[in-house]
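Coordinates as given in run.pdb (PDB, C-alpha atoms):
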```pdb
ATOM      1  CA  MET D   1      -0.289 -24.998 -14.584
ATOM      2  CA  ASP D   2      -2.504 -23.716 -17.374
ATOM      3  CA  THR D   3      -0.849 -20.913 -19.415
ATOM      4  CA  ASN D   4      -4.117 -18.932 -19.345
ATOM      5  CA  ILE D   5      -3.730 -18.679 -15.568
ATOM      6  CA  LEU D   6      -0.043 -17.684 -15.836
ATOM      7  CA  LYS D   7      -0.664 -14.786 -18.241
ATOM      8  CA  ASN D   8      -2.838 -13.133 -15.590
ATOM      9  CA  VAL D   9      -0.310 -13.402 -12.756
ATOM     10  CA  LEU D  10       1.669 -10.233 -13.656
ATOM     11  CA  ARG D  11      -0.115  -7.146 -14.972
ATOM     12  CA  ILE D  12       0.730  -3.499 -15.624
ATOM     13  CA  GLY D  13      -1.940  -0.905 -14.922
ATOM     14  CA  LYS D  14      -2.629   2.579 -13.596
ATOM     15  CA  VAL D  15      -3.823   3.402 -10.113
ATOM     16  CA  SER D  16      -7.434   4.578 -10.283
ATOM     17  CA  ALA D  17      -8.196   5.004  -6.557
ATOM     18  CA  VAL D  18      -6.273   4.890  -3.277
ATOM     19  CA  ASP D  19      -7.169   4.118   0.326
ATOM     20  CA  GLY D  20      -4.493   5.567   2.583
ATOM     21  CA  ALA D  21      -5.874   3.995   5.766
ATOM     22  CA  SER D  22      -5.487   0.447   4.449
ATOM     23  CA  CYS D  23      -2.419   1.217   2.255
ATOM     24  CA  SER D  24      -4.211  -0.194  -0.772
ATOM     25  CA  ALA D  25      -5.320   0.896  -4.222
ATOM     26  CA  ARG D  26      -7.488  -0.090  -7.143
ATOM     27  CA  VAL D  27      -5.770  -0.499 -10.495
ATOM     28  CA  THR D  28      -7.256  -0.133 -13.977
ATOM     29  CA  PHE D  29      -5.853  -2.345 -16.732
ATOM     30  CA  SER D  30      -6.394  -0.628 -20.090
ATOM     31  CA  GLU D  31      -5.199  -3.652 -22.073
ATOM     32  CA  GLN D  32      -7.985  -5.701 -20.478
ATOM     33  CA  GLU D  33     -10.862  -3.387 -21.539
ATOM     34  CA  ASN D  34     -10.339  -1.095 -18.520
ATOM     35  CA  LEU D  35     -10.861  -3.903 -16.035
ATOM     36  CA  VAL D  36     -10.608  -2.525 -12.474
ATOM     37  CA  SER D  37      -9.057  -4.618  -9.706
ATOM     38  CA  GLN D  38     -10.347  -5.159  -6.216
ATOM     39  CA  TRP D  39      -8.513  -3.214  -3.485
ATOM     40  CA  LEU D  40      -4.905  -4.409  -3.660
ATOM     41  CA  PRO D  41      -2.422  -4.029  -0.790
ATOM     42  CA  VAL D  42       0.700  -2.024  -1.668
ATOM     43  CA  LEU D  43       3.980  -3.799  -0.854
ATOM     44  CA  VAL D  44       6.047  -1.789   1.659
ATOM     45  CA  ILE D  45       9.456  -2.234   3.300
ATOM     46  CA  GLY D  46       8.046  -3.323   6.661
ATOM     47  CA  SER D  47       4.694  -3.804   8.382
ATOM     48  CA  LYS D  48       5.367  -5.115  11.888
ATOM     49  CA  GLU D  49       7.756  -3.377  14.322
ATOM     50  CA  THR D  50       9.536  -1.405  11.588
ATOM     51  CA  ARG D  51       6.932   0.059   9.283
ATOM     52  CA  GLY D  52       7.203   1.651   5.891
ATOM     53  CA  TYR D  53       4.407   3.598   4.265
ATOM     54  CA  TRP D  54       3.813   4.504   0.636
ATOM     55  CA  VAL D  55       0.652   4.695  -1.424
ATOM     56  CA  PRO D  56       1.004   5.489  -5.134
ATOM     57  CA  GLU D  57      -0.784   8.514  -6.521
ATOM     58  CA  VAL D  58      -3.764   8.123  -8.844
ATOM     59  CA  ASP D  59      -2.567   7.617 -12.463
ATOM     60  CA  THR D  60       0.763   6.104 -11.331
ATOM     61  CA  GLN D  61       1.789   3.180 -13.542
ATOM     62  CA  VAL D  62       2.281   0.093 -11.350
ATOM     63  CA  LEU D  63       3.189  -3.575 -11.637
ATOM     64  CA  CYS D  64       0.781  -5.967  -9.946
ATOM     65  CA  VAL D  65       1.065  -9.644  -9.118
ATOM     66  CA  PHE D  66      -1.988 -11.830  -8.670
ATOM     67  CA  LEU D  67      -2.333 -15.203  -7.017
ATOM     68  CA  PRO D  68      -3.494 -17.879  -9.438
ATOM     69  CA  ASN D  69      -7.282 -17.991  -9.448
ATOM     70  CA  THR D  70      -8.717 -21.250 -10.709
ATOM     71  CA  SER D  71     -12.317 -20.366  -9.747
ATOM     72  CA  GLY D  72     -12.875 -18.253 -12.870
ATOM     73  CA  GLN D  73     -14.100 -15.293 -10.804
ATOM     74  CA  GLY D  74     -11.570 -12.791 -12.150
ATOM     75  CA  LEU D  75      -8.747 -10.955 -10.422
ATOM     76  CA  LYS D  76      -9.184 -11.099  -6.695
ATOM     77  CA  GLU D  77      -6.144 -11.658  -4.499
ATOM     78  CA  GLY D  78      -3.106  -9.691  -5.514
ATOM     79  CA  PHE D  79      -0.607  -6.989  -4.588
ATOM     80  CA  ILE D  80       0.848  -3.826  -6.027
ATOM     81  CA  ILE D  81       4.572  -4.553  -6.261
ATOM     82  CA  GLY D  82       5.547  -0.984  -7.063
ATOM     83  CA  ALA D  83       5.761   1.851  -9.564
ATOM     84  CA  PHE D  84       8.311   2.202 -12.337
ATOM     85  CA  TYR D  85       9.608   4.868 -14.691
ATOM     86  CA  SER D  86       8.652   5.212 -18.348
ATOM     87  CA  ASP D  87       9.245   7.546 -21.287
ATOM     88  CA  VAL D  88       6.533   9.788 -19.850
ATOM     89  CA  ASP D  89       7.531   9.642 -16.159
ATOM     90  CA  THR D  90      11.339   9.732 -16.124
ATOM     91  CA  PRO D  91      13.753   9.245 -13.174
ATOM     92  CA  VAL D  92      14.702  12.290 -11.103
ATOM     93  CA  GLU D  93      18.263  10.960 -10.630
ATOM     94  CA  SER D  94      20.807   9.286 -12.894
ATOM     95  CA  ASP D  95      23.570   8.175 -10.469
ATOM     96  CA  PRO D  96      22.933   4.598  -9.232
ATOM     97  CA  ASP D  97      24.640   5.427  -5.895
ATOM     98  CA  VAL D  98      22.175   8.233  -5.084
ATOM     99  CA  ARG D  99      18.983   7.617  -3.111
ATOM    100  CA  SER D 100      16.257  10.238  -3.080
ATOM    101  CA  VAL D 101      12.586  10.913  -2.529
ATOM    102  CA  THR D 102      11.112  13.968  -4.232
ATOM    103  CA  PHE D 103       7.603  15.065  -3.253
ATOM    104  CA  VAL D 104       4.940  16.819  -5.316
ATOM    105  CA  ASP D 105       5.576  20.204  -3.616
ATOM    106  CA  GLY D 106       9.314  20.075  -4.385
ATOM    107  CA  SER D 107      10.404  18.910  -0.925
ATOM    108  CA  ARG D 108      13.024  16.170  -1.022
ATOM    109  CA  VAL D 109      15.412  13.977   0.915
ATOM    110  CA  ARG D 110      18.551  12.949  -0.973
ATOM    111  CA  TYR D 111      21.585  10.807  -0.102
ATOM    112  CA  ASP D 112      24.631  11.357  -2.329
ATOM    113  CA  HIS D 113      27.967   9.650  -1.484
ATOM    114  CA  GLY D 114      27.826  10.295   2.279
ATOM    115  CA  ASN D 115      25.985  13.617   2.087
ATOM    116  CA  ILE D 116      22.342  13.922   3.063
ATOM    117  CA  GLU D 117      20.316  16.846   1.761
ATOM    118  CA  ILE D 118      16.910  17.794   3.134
ATOM    119  CA  ILE D 119      14.865  20.446   1.353
ATOM    120  CA  ALA D 120      11.495  21.179   2.918
ATOM    121  CA  LYS D 121       8.812  23.526   1.611
ATOM    122  CA  GLY D 122       7.327  23.451   5.105
ATOM    123  CA  ASP D 123       8.649  23.109   8.641
ATOM    124  CA  VAL D 124      11.400  20.661   9.642
ATOM    125  CA  ILE D 125      10.729  18.982  12.982
ATOM    126  CA  ILE D 126      13.492  16.999  14.676
ATOM    127  CA  GLU D 127      12.822  15.191  17.957
ATOM    128  CA  GLY D 128      15.282  13.172  19.982
ATOM    129  CA  ARG D 129      16.779  12.565  23.411
ATOM    130  CA  ASN D 130      19.814  14.605  22.349
ATOM    131  CA  ILE D 131      20.371  16.421  19.074
ATOM    132  CA  PHE D 132      23.958  17.270  18.101
ATOM    133  CA  LEU D 133      24.686  19.485  15.118
ATOM    134  CA  ASN D 134      28.376  19.816  14.232
ATOM    135  CA  SER D 135      29.263  20.277  17.897
ATOM    136  CA  GLN D 136      32.230  19.218  20.005
ATOM    137  CA  LYS D 137      29.711  17.400  22.218
ATOM    138  CA  ALA D 138      28.865  15.054  19.324
ATOM    139  CA  LYS D 139      32.522  14.084  19.078
ATOM    140  CA  GLU D 140      32.828  13.458  22.853
ATOM    141  CA  VAL D 141      29.671  11.366  23.423
ATOM    142  CA  PRO D 142      30.197   7.645  22.668
ATOM    143  CA  ASN D 143      27.795   6.458  19.962
ATOM    144  CA  ALA D 144      26.295   9.958  19.648
ATOM    145  CA  SER D 145      25.604   9.293  16.000
ATOM    146  CA  SER D 146      23.318   6.371  16.904
ATOM    147  CA  ASN D 147      21.227   8.315  19.448
TER     148      ASN D 147
END
```
What would you get if you wrote out this structure as structure tokens?
Amino acid sequence: MDTNILKNVLRIGKVSAVDGASCSARVTFSEQENLVSQWLPVLVIGSKETRGYWVPEVDTQVLCVFLPNTSGQGLKEGFIIGAFYSDVDTPVESDPDVRSVTFVDGSRVRYDHGNIEIIAKGDVIIEGRNIFLNSQKAKEVPNASSN
């Protein structure tokens, strides 16, 4: 494969527009004279029965992968692989065993060594067939934790 094609396969850019309905975004590549991509799908953790959803915010630095394009018509088919931290946008956690999502309003969900913390700036809505909170019932019902 031609090395000119390979150098365009992976690119770093900043999100310039988002489309929440299609879970896609346009990315601007400053190192390529502010070239703007077509709408690129954002990779998620599932899209069939189990579905994940995430669209990066405008100005988020992202890594994109493009399918080799031998037609010479520029960047067409590609995907946003994800965002990553930098000297400007630093991680909110430092423990590799912690998992967390922090939102722009300060709400967050955080897992830390068996503990789960939920901080909401708005309402918390929990729906389920049965909801057990530190009750004796939760200890008596088989598989209550999986309900």
Legend entry - Non-local contacts of Leu63 of chain D (6 Å; all atoms listed in the file; under 4 positions in same chain excluded) as a list of chain:residue names: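 The residues satisfying every condition are D:Arg11, D:Ile12, D:Ile81, D:Gly82.
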Inset, instruction - Give the answer as one residue: which of D:Glu140, D:Val109, D:Ile80, D:Asp19 has the shortest atom-to-atom distance to Leu43 of chain D, using only C-alpha atoms? - result: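 Of D:Glu140, D:Val109, D:Ile80, D:Asp19, the one nearest Leu43 of chain D, counting only C-alpha atoms, is D:Ile80.
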Inset, instruction - Quick one: apply the PyMOL selection byres ((chain D and resi 37) around 6) to the file and drop the selected residues here as a list of chain:residue names. - result: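 With the PyMOL selection byres ((chain D and resi 37) around 6) on this model, the match is D:Arg26, D:Val27, D:Val36, D:Gln38.
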Inset, instruction - Take atom CA of Val15 of chain D and atom CA of Thr90 of chain D and report the distance between them in Å, one decimal. - result: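 Spanning atom CA of Val15 of chain D to atom CA of Thr90 of chain D is a straight-line distance of 17.5 Å.
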Inset, instruction - May I have the residues within 9 Å of Thr60 of chain D as an NGL selection string, using all atoms listed in the file and disregarding those fewer than 5 positions away in the same chain? - result: :D and (13-16 or 83-84)
